[in-house]
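Source file start.txt; content: compact mmCIF, C-alpha atoms and all ligand atoms.
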# COMPACT_ATOMS: atom_id res chain seq x y z
CA MET A 72 0.00 0.00 0.00
CA GLY A 73 0.93 3.63 -0.24
CA GLU A 74 2.83 5.75 2.23
CA THR A 75 1.61 9.27 3.00
CA PRO A 76 4.46 11.77 3.33
CA LYS A 77 4.60 13.75 6.55
CA HIS A 78 4.42 17.54 6.57
CA GLY A 79 5.23 18.16 10.22
CA ASN A 80 2.28 19.62 12.09
CA ARG A 81 1.16 21.74 9.16
CA ARG A 82 -2.32 20.93 7.92
CA LEU A 83 -2.40 21.01 4.15
CA HIS A 84 -5.17 22.79 2.26
CA PRO A 85 -7.56 20.20 0.77
CA SER A 86 -6.68 21.37 -2.76
CA THR A 87 -3.06 20.35 -2.11
CA SER A 88 -4.17 16.96 -0.77
CA ALA A 89 -6.33 16.51 -3.87
CA ALA A 90 -3.66 17.54 -6.39
CA GLN A 91 -1.24 15.01 -4.91
CA ALA A 92 -3.91 12.40 -4.11
CA LEU A 93 -2.53 12.53 -0.55
CA GLY A 94 0.99 12.11 -1.92
CA TRP A 95 0.87 8.31 -1.73
CA ILE A 96 3.93 6.57 -3.18
CA ASP A 97 3.71 2.88 -4.07
CA GLU A 98 5.91 1.08 -1.53
CA GLN A 99 7.27 -1.57 -3.86
CA THR A 100 7.97 0.40 -7.02
CA LYS A 101 8.12 4.00 -5.70
CA ALA A 102 5.61 4.91 -8.42
CA VAL A 103 3.78 8.22 -7.81
CA VAL A 104 0.55 6.74 -9.23
CA SER A 105 -0.87 3.73 -7.40
CA PRO A 106 -1.51 0.52 -9.33
CA ILE A 107 -4.96 -0.81 -10.24
CA HIS A 108 -5.54 -4.03 -8.29
CA LEU A 109 -7.58 -6.55 -10.27
CA SER A 110 -7.37 -9.59 -7.99
CA THR A 111 -10.72 -10.79 -6.67
CA THR A 112 -9.15 -12.92 -3.94
CA TYR A 113 -6.30 -12.91 -1.42
CA ILE A 114 -3.99 -15.57 0.00
CA ARG A 115 -4.83 -17.18 3.32
CA ASP A 116 -1.78 -17.70 5.55
CA PRO A 117 -0.65 -21.34 6.15
CA ASP A 118 -1.89 -21.14 9.75
CA ASN A 119 -5.42 -20.38 8.40
CA GLN A 120 -5.34 -16.64 9.21
CA TYR A 121 -5.86 -13.69 6.86
CA ARG A 122 -3.14 -11.34 8.14
CA SER A 123 -3.34 -9.07 5.09
CA GLY A 124 -6.81 -8.15 6.31
CA ARG A 125 -8.19 -8.86 2.84
CA VAL A 126 -10.19 -11.90 1.82
CA TYR A 127 -12.38 -11.19 -1.20
CA ALA A 128 -12.86 -8.14 -3.42
CA ARG A 129 -16.60 -7.72 -2.82
CA ALA A 130 -15.76 -6.82 0.79
CA ASP A 131 -12.84 -4.57 -0.01
CA ASN A 132 -10.32 -3.81 -2.72
CA PRO A 133 -6.98 -1.96 -2.42
CA SER A 134 -7.96 -0.01 -5.55
CA PHE A 135 -10.52 1.81 -3.35
CA ASP A 136 -8.12 2.83 -0.60
CA GLN A 137 -6.57 6.00 -1.96
CA ALA A 138 -9.79 7.52 -3.33
CA GLU A 139 -11.60 6.69 -0.06
CA ALA A 140 -8.79 8.18 2.06
CA LEU A 141 -8.60 11.31 -0.10
CA LEU A 142 -12.35 11.89 0.04
CA THR A 143 -12.31 11.46 3.83
CA GLU A 144 -9.63 14.15 4.00
CA LEU A 145 -11.50 16.53 1.66
CA GLU A 146 -14.78 16.11 3.60
CA GLY A 147 -13.16 16.27 7.04
CA GLY A 148 -14.79 12.94 7.95
CA VAL A 149 -13.40 9.75 9.50
CA HIS A 150 -14.16 7.10 6.83
CA SER A 151 -15.50 6.92 3.28
CA ILE A 152 -16.66 4.14 0.97
CA LEU A 153 -16.96 3.93 -2.81
CA LEU A 154 -20.08 2.39 -4.30
CA ALA A 155 -21.27 1.44 -7.77
CA SER A 156 -23.24 4.65 -8.42
CA GLY A 157 -24.72 7.67 -6.71
CA MET A 158 -28.00 5.76 -6.39
CA ALA A 159 -26.17 2.79 -4.81
CA ALA A 160 -24.67 5.22 -2.28
CA ALA A 161 -27.96 6.99 -1.48
CA SER A 162 -30.01 3.79 -1.24
CA ALA A 163 -27.35 2.22 1.02
CA VAL A 164 -28.12 4.88 3.64
CA PHE A 165 -31.90 4.24 3.53
CA LEU A 166 -31.45 0.46 3.53
CA ALA A 167 -29.48 0.72 6.79
CA LEU A 168 -32.73 1.88 8.43
CA ARG A 169 -35.43 -0.57 9.57
CA PRO A 170 -38.90 -1.08 8.10
CA GLY A 171 -41.30 1.32 9.85
CA ASP A 172 -38.70 4.04 10.38
CA HIS A 173 -39.84 7.57 9.56
CA VAL A 174 -37.74 9.56 7.11
CA VAL A 175 -37.97 13.24 6.14
CA ALA A 176 -36.70 14.09 2.64
CA PRO A 177 -37.01 17.07 0.25
CA LYS A 178 -39.81 17.62 -2.24
CA VAL A 179 -37.25 19.09 -4.64
CA MET A 180 -34.39 16.66 -5.09
CA TYR A 181 -32.64 14.40 -7.59
CA TRP A 182 -35.68 12.89 -9.32
CA ALA A 183 -34.54 9.24 -9.53
CA LEU A 184 -33.95 9.16 -5.77
CA ARG A 185 -37.34 10.79 -5.07
CA ARG A 186 -38.97 8.15 -7.28
CA TRP A 187 -37.09 5.31 -5.51
CA LEU A 188 -38.08 6.69 -2.09
CA THR A 189 -41.75 6.98 -2.97
CA THR A 190 -41.92 3.54 -4.62
CA PHE A 191 -39.37 0.91 -3.61
CA ALA A 192 -38.37 2.35 -0.22
CA THR A 193 -42.02 2.88 0.71
CA ASP A 194 -42.95 -0.68 -0.35
CA TRP A 195 -39.99 -1.91 1.71
CA GLY A 196 -41.52 -0.26 4.79
CA LEU A 197 -39.98 3.18 5.24
CA GLN A 198 -42.41 6.00 6.08
CA VAL A 199 -41.17 8.68 3.71
CA GLU A 200 -42.40 12.25 4.22
CA LEU A 201 -41.45 14.84 1.60
CA VAL A 202 -41.26 18.48 2.71
CA ASP A 203 -39.88 21.79 1.44
CA THR A 204 -36.51 21.55 3.19
CA SER A 205 -35.58 25.13 2.22
CA ASP A 206 -38.18 26.03 4.88
CA THR A 207 -36.50 25.07 8.17
CA ASP A 208 -39.82 25.42 10.04
CA ALA A 209 -41.43 22.88 7.70
CA VAL A 210 -38.63 20.43 8.56
CA ARG A 211 -39.11 21.13 12.29
CA ALA A 212 -42.83 20.42 11.93
CA ALA A 213 -42.23 17.15 10.05
CA VAL A 214 -39.56 15.64 12.31
CA ARG A 215 -41.08 13.40 15.01
CA ALA A 216 -39.02 12.97 18.19
CA GLY A 217 -37.97 9.34 18.66
CA GLU A 218 -39.74 8.25 15.48
CA THR A 219 -37.84 10.02 12.70
CA LYS A 220 -34.58 8.15 12.15
CA LEU A 221 -33.18 10.06 9.19
CA VAL A 222 -33.44 13.49 7.62
CA TRP A 223 -32.15 13.58 4.03
CA LEU A 224 -31.18 16.82 2.28
CA GLU A 225 -29.81 17.87 -1.09
CA THR A 226 -28.30 21.34 -1.30
CA PRO A 227 -28.31 23.12 -3.66
CA ALA A 228 -31.12 20.91 -4.98
CA ASN A 229 -31.96 19.83 -8.52
CA PRO A 230 -33.23 21.55 -10.62
CA THR A 231 -34.24 24.87 -9.00
CA TRP A 232 -31.15 25.04 -6.73
CA ILE A 233 -33.08 25.73 -3.55
CA VAL A 234 -30.83 25.74 -0.51
CA SER A 235 -31.37 23.96 2.81
CA ASP A 236 -29.79 25.16 6.06
CA LEU A 237 -27.48 22.33 7.13
CA ALA A 238 -26.59 23.65 10.61
CA ALA A 239 -30.18 24.48 11.61
CA ILE A 240 -31.55 21.17 10.31
CA ALA A 241 -28.72 19.18 11.94
CA GLU A 242 -29.81 20.65 15.28
CA ILE A 243 -33.46 19.74 14.66
CA ALA A 244 -32.59 16.19 13.56
CA HIS A 245 -30.22 15.51 16.44
CA LYS A 246 -32.62 16.88 19.04
CA ALA A 247 -35.21 14.38 17.77
CA GLY A 248 -32.70 11.49 17.82
CA ALA A 249 -32.46 11.35 14.02
CA ARG A 250 -29.40 11.35 11.78
CA LEU A 251 -28.82 13.91 9.05
CA ALA A 252 -27.50 12.81 5.64
CA VAL A 253 -26.93 15.11 2.68
CA ASP A 254 -26.57 14.59 -1.05
CA SER A 255 -23.73 17.08 -1.54
CA THR A 256 -23.13 16.21 -5.21
CA CYS A 257 -23.74 19.72 -6.56
CA ALA A 258 -21.78 21.55 -3.85
CA SER A 259 -18.81 19.16 -3.86
CA PRO A 260 -16.35 19.23 -0.94
CA VAL A 261 -14.73 22.27 -2.58
CA LEU A 262 -17.68 24.52 -1.71
CA THR A 263 -19.30 22.85 1.32
CA ARG A 264 -17.94 20.44 3.92
CA PRO A 265 -21.27 19.35 5.44
CA ILE A 266 -19.71 17.55 8.42
CA GLU A 267 -18.54 20.96 9.69
CA PHE A 268 -22.24 21.94 9.87
CA GLY A 269 -23.23 18.85 11.87
CA VAL A 270 -24.15 16.45 9.04
CA ASP A 271 -23.60 12.77 9.93
CA VAL A 272 -23.27 11.18 6.48
CA VAL A 273 -22.31 12.90 3.22
CA MET A 274 -23.24 11.33 -0.12
CA HIS A 275 -21.90 12.14 -3.59
CA ALA A 276 -22.85 11.01 -7.04
CA ALA A 277 -19.12 10.77 -7.84
CA THR A 278 -20.28 10.38 -11.45
CA LYS A 279 -20.53 14.17 -11.40
CA TYR A 280 -17.94 16.64 -9.99
CA LEU A 281 -15.68 14.21 -8.12
CA ASN A 282 -14.85 12.33 -11.32
CA GLY A 283 -15.63 15.27 -13.56
CA HIS A 284 -15.06 13.75 -17.00
CA SER A 285 -18.39 12.04 -17.82
CA ASP A 286 -16.72 8.65 -18.04
CA VAL A 287 -17.37 6.95 -14.67
CA VAL A 288 -20.58 6.07 -12.80
CA ALA A 289 -19.74 6.00 -9.08
CA GLY A 290 -21.07 6.95 -5.66
CA THR A 291 -19.50 7.74 -2.32
CA LEU A 292 -20.46 8.01 1.34
CA THR A 293 -18.41 9.70 4.07
CA THR A 294 -19.20 9.53 7.77
CA ALA A 295 -18.55 11.90 10.66
CA ARG A 296 -18.17 8.92 13.03
CA ARG A 297 -17.84 5.15 12.95
CA ASP A 298 -20.98 4.10 14.80
CA ASP A 299 -23.23 1.05 14.40
CA PHE A 300 -25.30 2.76 11.69
CA TRP A 301 -22.19 3.37 9.60
CA GLU A 302 -20.87 -0.17 10.10
CA ARG A 303 -24.26 -1.45 8.94
CA ILE A 304 -23.91 0.60 5.75
CA VAL A 305 -20.37 -0.70 5.15
CA ALA A 306 -21.37 -4.32 5.80
CA ASN A 307 -24.31 -3.97 3.46
CA ARG A 308 -22.12 -2.71 0.60
CA SER A 309 -20.58 -6.15 0.59
CA GLY A 310 -23.95 -7.78 1.38
CA VAL A 311 -25.75 -6.20 -1.56
CA GLY A 312 -22.59 -6.18 -3.65
CA GLY A 313 -22.89 -2.65 -5.03
CA ILE A 314 -19.15 -2.05 -5.28
CA LEU A 315 -17.19 0.06 -7.73
CA GLY A 316 -14.85 -1.62 -10.24
CA SER A 317 -11.07 -1.32 -9.92
CA PHE A 318 -10.60 0.65 -13.14
CA GLU A 319 -13.43 3.06 -12.24
CA SER A 320 -11.79 3.59 -8.83
CA TYR A 321 -8.56 4.53 -10.61
CA LEU A 322 -10.35 6.94 -12.96
CA LEU A 323 -12.25 8.50 -10.06
CA LEU A 324 -9.03 9.19 -8.15
CA ARG A 325 -7.48 10.64 -11.29
CA GLY A 326 -10.47 12.95 -11.69
CA MET A 327 -10.40 14.04 -8.05
CA ARG A 328 -6.85 15.37 -8.47
CA THR A 329 -8.19 18.29 -10.56
CA LEU A 330 -11.43 18.76 -8.57
CA TYR A 331 -10.52 22.15 -7.11
CA LEU A 332 -9.47 23.67 -10.45
CA ARG A 333 -12.56 22.39 -12.24
CA VAL A 334 -15.07 23.47 -9.60
CA ASP A 335 -13.48 26.90 -9.21
CA ARG A 336 -13.70 27.52 -12.97
CA ALA A 337 -17.27 26.18 -13.21
CA CYS A 338 -18.42 28.42 -10.33
CA ARG A 339 -16.92 31.58 -11.82
CA SER A 340 -18.44 30.84 -15.21
CA ALA A 341 -21.85 29.94 -13.73
CA GLN A 342 -21.87 33.21 -11.79
CA ALA A 343 -20.97 35.15 -14.97
CA ILE A 344 -23.68 33.37 -16.98
CA ALA A 345 -26.29 33.93 -14.24
CA GLU A 346 -25.46 37.65 -14.04
CA HIS A 347 -25.42 37.99 -17.83
CA PHE A 348 -28.90 36.49 -18.29
CA GLN A 349 -30.61 38.07 -15.29
CA GLY A 350 -33.06 40.64 -16.70
CA HIS A 351 -32.48 39.38 -20.29
CA PRO A 352 -35.63 39.91 -22.42
CA LYS A 353 -35.75 36.20 -23.44
CA ILE A 354 -35.38 34.96 -19.85
CA ARG A 355 -38.23 34.83 -17.31
CA ALA A 356 -35.98 33.88 -14.39
CA VAL A 357 -32.43 32.83 -13.61
CA LEU A 358 -32.23 30.27 -10.79
CA TYR A 359 -28.78 30.37 -9.16
CA PRO A 360 -27.90 30.61 -5.45
CA GLY A 361 -25.08 33.05 -6.29
CA LEU A 362 -27.61 35.75 -7.21
CA ALA A 363 -28.69 38.02 -4.34
CA THR A 364 -32.29 37.64 -5.60
CA HIS A 365 -32.26 33.84 -5.09
CA PRO A 366 -34.30 32.90 -1.99
CA GLY A 367 -31.49 30.67 -0.70
CA HIS A 368 -28.70 33.17 -1.23
CA ALA A 369 -28.13 34.11 2.43
CA VAL A 370 -27.97 30.49 3.63
CA ALA A 371 -25.83 29.54 0.62
CA ALA A 372 -23.40 32.36 1.41
CA ARG A 373 -23.09 30.93 4.95
CA GLN A 374 -22.49 27.32 4.03
CA MET A 375 -20.76 27.57 0.63
CA THR A 376 -17.21 28.92 0.38
CA GLY A 377 -15.49 29.97 -2.83
CA GLY A 378 -18.54 29.94 -5.07
CA PHE A 379 -22.15 28.87 -5.51
CA GLY A 380 -21.64 25.90 -7.78
CA GLY A 381 -21.55 25.19 -11.49
CA MET A 382 -25.27 24.42 -11.81
CA LEU A 383 -27.98 26.93 -12.72
CA SER A 384 -31.31 26.97 -14.51
CA LEU A 385 -32.75 29.42 -17.01
CA CYS A 386 -36.54 29.76 -17.28
CA ILE A 387 -37.29 30.83 -20.85
CA ALA A 388 -39.74 33.71 -21.38
CA GLY A 389 -41.65 32.02 -24.21
CA GLY A 390 -42.59 28.97 -22.11
CA GLU A 391 -42.02 25.24 -22.68
CA ALA A 392 -41.91 25.30 -26.49
CA ALA A 393 -39.44 28.19 -26.51
CA ALA A 394 -37.27 26.36 -23.96
CA ILE A 395 -37.18 23.15 -25.99
CA SER A 396 -36.49 25.18 -29.13
CA ALA A 397 -33.59 27.09 -27.50
CA ALA A 398 -32.07 23.80 -26.32
CA ALA A 399 -32.35 22.51 -29.89
CA LYS A 400 -30.32 25.46 -31.24
CA VAL A 401 -27.25 25.34 -29.01
CA ASP A 402 -24.07 24.34 -30.71
CA LEU A 403 -21.30 24.40 -28.09
CA TRP A 404 -23.44 23.27 -25.15
CA LYS A 405 -24.20 19.55 -25.36
CA ARG A 406 -27.85 18.53 -25.11
CA ALA A 407 -27.55 15.75 -22.54
CA THR A 408 -28.47 14.76 -19.02
CA SER A 409 -25.98 14.49 -16.11
CA LEU A 410 -23.75 17.24 -14.75
CA GLY A 411 -20.38 18.12 -13.29
CA GLY A 412 -18.22 17.22 -16.31
CA VAL A 413 -15.63 19.37 -18.06
CA GLU A 414 -18.03 19.93 -20.98
CA SER A 415 -21.10 22.13 -20.54
CA LEU A 416 -24.49 20.41 -20.76
CA ILE A 417 -28.01 21.75 -21.28
CA GLU A 418 -31.27 19.94 -20.67
CA HIS A 419 -35.03 20.56 -20.68
CA ARG A 420 -35.52 19.04 -17.25
CA ALA A 421 -39.31 18.47 -17.29
CA SER A 422 -38.89 16.23 -20.38
CA VAL A 423 -36.54 13.98 -18.38
CA GLU A 424 -38.53 13.88 -15.15
CA GLY A 425 -41.96 13.40 -16.70
CA ALA A 426 -45.34 13.68 -14.96
CA GLY A 427 -45.35 15.02 -11.41
CA THR A 428 -42.05 16.86 -11.76
CA PRO A 429 -41.59 20.04 -9.70
CA ALA A 430 -39.43 21.39 -12.56
CA PRO A 431 -41.14 24.35 -14.28
CA ALA A 432 -42.03 23.53 -17.92
CA ASP A 433 -39.94 26.47 -19.19
CA LEU A 434 -36.78 25.45 -17.29
CA LEU A 435 -33.47 24.59 -18.95
CA ARG A 436 -30.89 23.11 -16.60
CA LEU A 437 -27.30 24.11 -17.28
CA SER A 438 -24.22 22.25 -16.09
CA VAL A 439 -21.34 24.65 -16.65
CA GLY A 440 -18.07 23.05 -17.69
CA ILE A 441 -14.58 24.51 -17.88
CA GLU A 442 -14.74 26.16 -21.32
CA GLU A 443 -14.16 29.89 -21.82
CA PRO A 444 -17.29 31.54 -20.34
CA SER A 445 -17.66 34.11 -23.15
CA ASP A 446 -17.98 31.22 -25.66
CA LEU A 447 -20.69 29.64 -23.49
CA ILE A 448 -22.61 32.93 -23.20
CA ALA A 449 -22.33 33.64 -26.96
CA ASP A 450 -23.71 30.18 -27.78
CA LEU A 451 -26.71 30.66 -25.45
CA GLU A 452 -27.32 34.14 -26.91
CA GLN A 453 -27.43 32.80 -30.47
CA ALA A 454 -29.72 29.92 -29.41
CA LEU A 455 -32.16 32.39 -27.78
CA GLU A 456 -32.07 34.81 -30.71
CA ALA A 457 -32.26 32.26 -33.55
CA PRO A 458 -35.63 32.28 -35.31
C1 LIG A 501 -26.62 12.02 -10.67
C2 LIG A 501 -27.10 12.29 -9.30
C3 LIG A 501 -27.44 11.25 -8.44
C4 LIG A 501 -27.38 9.80 -8.85
O1 LIG A 501 -26.08 9.40 -9.19
P1 LIG A 501 -25.80 8.18 -10.20
O2 LIG A 501 -24.32 8.03 -10.19
O3 LIG A 501 -26.37 8.58 -11.53
O4 LIG A 501 -26.49 6.98 -9.65
C5 LIG A 501 -27.85 11.58 -7.15
N1 LIG A 501 -27.93 12.86 -6.75
C6 LIG A 501 -27.60 13.88 -7.55
C7 LIG A 501 -27.71 15.28 -7.04
C8 LIG A 501 -27.19 13.64 -8.86
O5 LIG A 501 -26.89 14.66 -9.66

For this file, write the structure as structure tokens.
Ligand SMILES: *Cc1c(COP(=O)(O)O)cnc(C)c1O
Amino acid sequence: MGETPKHGNRRLHPSTSAAQALGWIDEQTKAVVSPIHLSTTYIRDPDNQYRSGRVYARADNPSFDQAEALLTELEGGVHSILLASGMAAASAVFLALRPGDHVVAPKVMYWALRRWLTTFATDWGLQVELVDTSDTDAVRAAVRAGETKLVWLETPANPTWIVSDLAAIAEIAHKAGARLAVDSTCASPVLTRPIEFGVDVVMHAATKYLNGHSDVVAGTLTTARRDDFWERIVANRSGVGGILGSFESYLLLRGMRTLYLRVDRACRSAQAIAEHFQGHPKIRAVLYPGLATHPGHAVAARQMTGGFGGMLSLCIAGGEAAAISAAAKVDLWKRATSLGGVESLIEHRASVEGAGTPAPADLLRLSVGIEEPSDLIADLEQALEAP
């Protein structure tokens, strides 16, 4: 395994830890990039012990170690695990609860998780209550002391980027004896370290910013403490078998090394695009927490550092047809779902989410990449102006 160089008592900035992937050097070869371990099984010692601590790759894999350790450092947690997808990570938290447990989750959140919660998780026995989590009083009213076991948040939340107050909701959850978990995919550890605000478990769709290159599906969980609940989640990763592959783990770590540069660029460009289109005659509304007019701006300014994220939405003045038509006319922006990659993506969100979506019909969701922002603005301008 790797060795982590010492830097005396000086605590490194997370961006330094990320750039060097914790500075691990392969012990045997002195390589600065760790190998990809493909073995599914490990040798048992002649006296019938497993001193290496490893038995079988569904339980653990040395290819996970560096990415897990780096993420733990970036989040300021104590342990992280990689899973097969963001959905595998999110569902692992809910499946560590018991049938009958009451859960409070947002009305506005990543649509596939909302659908899973209101179908599968409900059939499985969880009592799922969806509330407007940007309204802290609504969360307080929904949480039942001794009965609610988990509060789930996503902030900023897809696709209107409403913001939930992590510190205030952590206090409400903990007072009631519940845990707080957050889908922090869109903030990334660059902008928000939820554990510092009292969050117990942080989830990422690592498919998005952590990997950043639209070529890996992965999920992660990081915990603030190693308690029974966490050990149940870890044991169930092996039990259900939703592990990441070795090659994907390597790609994810490679992507995480440039996380800070990518997120910084995406935030600056998203802010510039939001400011450019606010008040534009073809735009009904710009939804971005970095705008002072956004209802979540004050909370976002408190719990996001260095920017307000690379995600924003434009509501098009002409309504749904005009929105779909503008998305059809972009050239540089890629018309595709997903987010957090180096290339900018645009999507008519209601078309993806279908019936029952809280996404306004005139909303285009933008994932800002790392291109030159003036090129991105010019392409949107021509798409809005084109006949
Ligand atoms: C993409 C996404 C997910 C799901 O992640 P997958 O890797 O696609 O399973 C969950 N939450 C958010 C906010 C996402 O953007």

At a cut-off of 8 Å, using only C-alpha atoms, what residues contact Ile304 of chain A? Leave out same-chain residues fewer than 4 positions from it and give the result as number ranges by chain.
A: 163-164, 166-167, 300, 308

Residues from the last selection, C-alpha atoms, saved as a PDB file, in the coordinates of the input:
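Written file, out.pdb:
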ATOM      1  CA  ALA A 163     -27.350   2.220   1.020  1.00  0.00           C
ATOM      2  CA  VAL A 164     -28.120   4.880   3.640  1.00  0.00           C
ATOM      3  CA  LEU A 166     -31.450   0.460   3.530  1.00  0.00           C
ATOM      4  CA  ALA A 167     -29.480   0.720   6.790  1.00  0.00           C
ATOM      5  CA  PHE A 300     -25.300   2.760  11.690  1.00  0.00           C
ATOM      6  CA  ARG A 308     -22.120  -2.710   0.600  1.00  0.00           C
TER       7      ARG A 308
END

Which residues of chain A come within 7 Å of ligand LIG 501 (chain A), and what is each one's closest atom pair and distance in Å (one decimal), counting all atoms listed in the file, sorted by chain and residue number, as JSON lines?
{"residue": "A:Ser156", "atom": "CA", "partner": "A:LIG501", "partner_atom": "O2", "distance": 4.0}
{"residue": "A:Gly157", "atom": "CA", "partner": "A:LIG501", "partner_atom": "O1", "distance": 3.3}
{"residue": "A:Met158", "atom": "CA", "partner": "A:LIG501", "partner_atom": "O4", "distance": 3.8}
{"residue": "A:Ala159", "atom": "CA", "partner": "A:LIG501", "partner_atom": "O4", "distance": 6.4}
{"residue": "A:Tyr181", "atom": "CA", "partner": "A:LIG501", "partner_atom": "N1", "distance": 5.0}
{"residue": "A:Leu184", "atom": "CA", "partner": "A:LIG501", "partner_atom": "C5", "distance": 6.7}
{"residue": "A:Glu225", "atom": "CA", "partner": "A:LIG501", "partner_atom": "C7", "distance": 6.8}
{"residue": "A:Ala228", "atom": "CA", "partner": "A:LIG501", "partner_atom": "C7", "distance": 6.9}
{"residue": "A:Asn229", "atom": "CA", "partner": "A:LIG501", "partner_atom": "C7", "distance": 6.4}
{"residue": "A:Asp254", "atom": "CA", "partner": "A:LIG501", "partner_atom": "N1", "distance": 6.1}
{"residue": "A:Thr256", "atom": "CA", "partner": "A:LIG501", "partner_atom": "C7", "distance": 5.0}
{"residue": "A:Cys257", "atom": "CA", "partner": "A:LIG501", "partner_atom": "C7", "distance": 6.0}
{"residue": "A:His275", "atom": "CA", "partner": "A:LIG501", "partner_atom": "N1", "distance": 6.8}
{"residue": "A:Ala276", "atom": "CA", "partner": "A:LIG501", "partner_atom": "O1", "distance": 4.2}
{"residue": "A:Ala277", "atom": "CA", "partner": "A:LIG501", "partner_atom": "O2", "distance": 6.3}
{"residue": "A:Thr278", "atom": "CA", "partner": "A:LIG501", "partner_atom": "O2", "distance": 4.8}
{"residue": "A:Lys279", "atom": "CA", "partner": "A:LIG501", "partner_atom": "C1", "distance": 6.5}
{"residue": "A:Val288", "atom": "CA", "partner": "A:LIG501", "partner_atom": "O2", "distance": 5.0}
{"residue": "A:Ala289", "atom": "CA", "partner": "A:LIG501", "partner_atom": "O2", "distance": 5.1}
{"residue": "A:Gly290", "atom": "CA", "partner": "A:LIG501", "partner_atom": "O2", "distance": 5.7}
{"residue": "A:Ser409", "atom": "CA", "partner": "A:LIG501", "partner_atom": "C1", "distance": 6.0}
{"residue": "A:Leu410", "atom": "CA", "partner": "A:LIG501", "partner_atom": "O5", "distance": 6.5}

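Atom to atom, atom CA of Leu323 of chain A and atom CA of Asn282 of chain A stand 4.8 Å apart.
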
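Nearest to Asp208 of chain A of all the residues A:Arg296, A:Asp450, A:Ile243, A:Pro429 is A:Ile243, counting only C-alpha atoms.
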
Residues near segment 392-394 of chain A, cut-off 12 Å, all atoms listed in the file, skip fewer than 2 positions along chain, as a PyMOL selection string
chain A and resi 353-355+384-390+396-401+417-422+431-436+451+454-458

Taking all atoms listed in the file into account, which of A:Val222, A:Leu322, A:Ala372, A:Leu153 comes nearest Thr291 of chain A?
A:Leu153

Using all atoms listed in the file, can you list as number ranges by chain the residues within 12 Å of (-32.5, 1.6, 1.2)?
A: 158-170, 172, 174, 184, 187-199, 221, 303-304, 307-308, 311

Can you tell me how far atom CA of Ile441 of chain A sits from atom CA of Leu362 of chain A, in Å to one decimal?
20.2 Å

Let me make sure I understand: among A:Leu383, A:Ala90, A:Ile344, A:Ala371, which one has the smallest atom-to-atom distance to Leu447 of chain A if we use only C-alpha atoms?
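Of A:Leu383, A:Ala90, A:Ile344, A:Ala371, the one nearest Leu447 of chain A, counting only C-alpha atoms, is A:Ile344.
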
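With all atoms listed in the file as the atoms that count, the minimum distance from Gly310 of chain A to the choices A:Ile107, A:Val287, A:Ala130, A:Val202 is reached by A:Ala130.
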
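If you measure from each of A:Gly171, A:Gly147, A:Pro230, A:Pro177 to Phe268 of chain A using only C-alpha atoms, the closest one turns out to be A:Gly147.
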
Quick one, how far is atom CA of Gly361 of chain A from atom CA of Gln342 of chain A?
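Rounded to one decimal, the two atoms are 6.4 Å apart.
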
From the options A:Val261, A:Ala183, A:Val270, A:Ala244, which residue's atoms come nearest to Ala337 of chain A, counting all atoms listed in the file?
A:Val261

Got a sec to check which residues sit within 12 Å of (-15.1, 25.7, -15.3), counting all atoms listed in the file, and write them as a short mmCIF file (atom, residue, chain, number, x, y, z; two decimals) with C-alpha atoms, in the frame of the given file?
data_model
loop_
_atom_site.label_atom_id
_atom_site.label_comp_id
_atom_site.auth_asym_id
_atom_site.auth_seq_id
_atom_site.Cartn_x
_atom_site.Cartn_y
_atom_site.Cartn_z
CA TYR A 280 -17.94 16.64 -9.99
CA GLY A 283 -15.63 15.27 -13.56
CA THR A 329 -8.19 18.29 -10.56
CA LEU A 330 -11.43 18.76 -8.57
CA TYR A 331 -10.52 22.15 -7.11
CA LEU A 332 -9.47 23.67 -10.45
CA ARG A 333 -12.56 22.39 -12.24
CA VAL A 334 -15.07 23.47 -9.60
CA ASP A 335 -13.48 26.90 -9.21
CA ARG A 336 -13.70 27.52 -12.97
CA ALA A 337 -17.27 26.18 -13.21
CA CYS A 338 -18.42 28.42 -10.33
CA ARG A 339 -16.92 31.58 -11.82
CA SER A 340 -18.44 30.84 -15.21
CA ALA A 341 -21.85 29.94 -13.73
CA GLN A 342 -21.87 33.21 -11.79
CA ALA A 343 -20.97 35.15 -14.97
CA ILE A 344 -23.68 33.37 -16.98
CA GLY A 378 -18.54 29.94 -5.07
CA GLY A 380 -21.64 25.90 -7.78
CA GLY A 381 -21.55 25.19 -11.49
CA MET A 382 -25.27 24.42 -11.81
CA GLY A 411 -20.38 18.12 -13.29
CA GLY A 412 -18.22 17.22 -16.31
CA VAL A 413 -15.63 19.37 -18.06
CA GLU A 414 -18.03 19.93 -20.98
CA SER A 415 -21.10 22.13 -20.54
CA SER A 438 -24.22 22.25 -16.09
CA VAL A 439 -21.34 24.65 -16.65
CA GLY A 440 -18.07 23.05 -17.69
CA ILE A 441 -14.58 24.51 -17.88
CA GLU A 442 -14.74 26.16 -21.32
CA GLU A 443 -14.16 29.89 -21.82
CA PRO A 444 -17.29 31.54 -20.34
CA SER A 445 -17.66 34.11 -23.15
CA LEU A 447 -20.69 29.64 -23.49
#

With all atoms listed in the file as the counted atoms, please give the residues lying no more than 10 Å from Ala128 of chain A, apart from itself and same-chain residues fewer than 2 positions off, as a list of chain:residue names.
A:His108, A:Leu109, A:Ser110, A:Thr111, A:Thr112, A:Tyr113, A:Arg125, A:Val126, A:Ala130, A:Asp131, A:Asn132, A:Pro133, A:Ser134, A:Ser309, A:Gly312, A:Ile314, A:Gly316, A:Ser317

Around segment 214-232 of chain A, fit a box with edges along x, y and z, padding it by 8 Å on each side, then list its centre and edge lengths in Å to one decimal as AutoDock Vina command-line options.
--center_x -34.7 --center_y 16.6 --center_z 4.0 --size_x 28.8 --size_y 32.9 --size_z 45.3
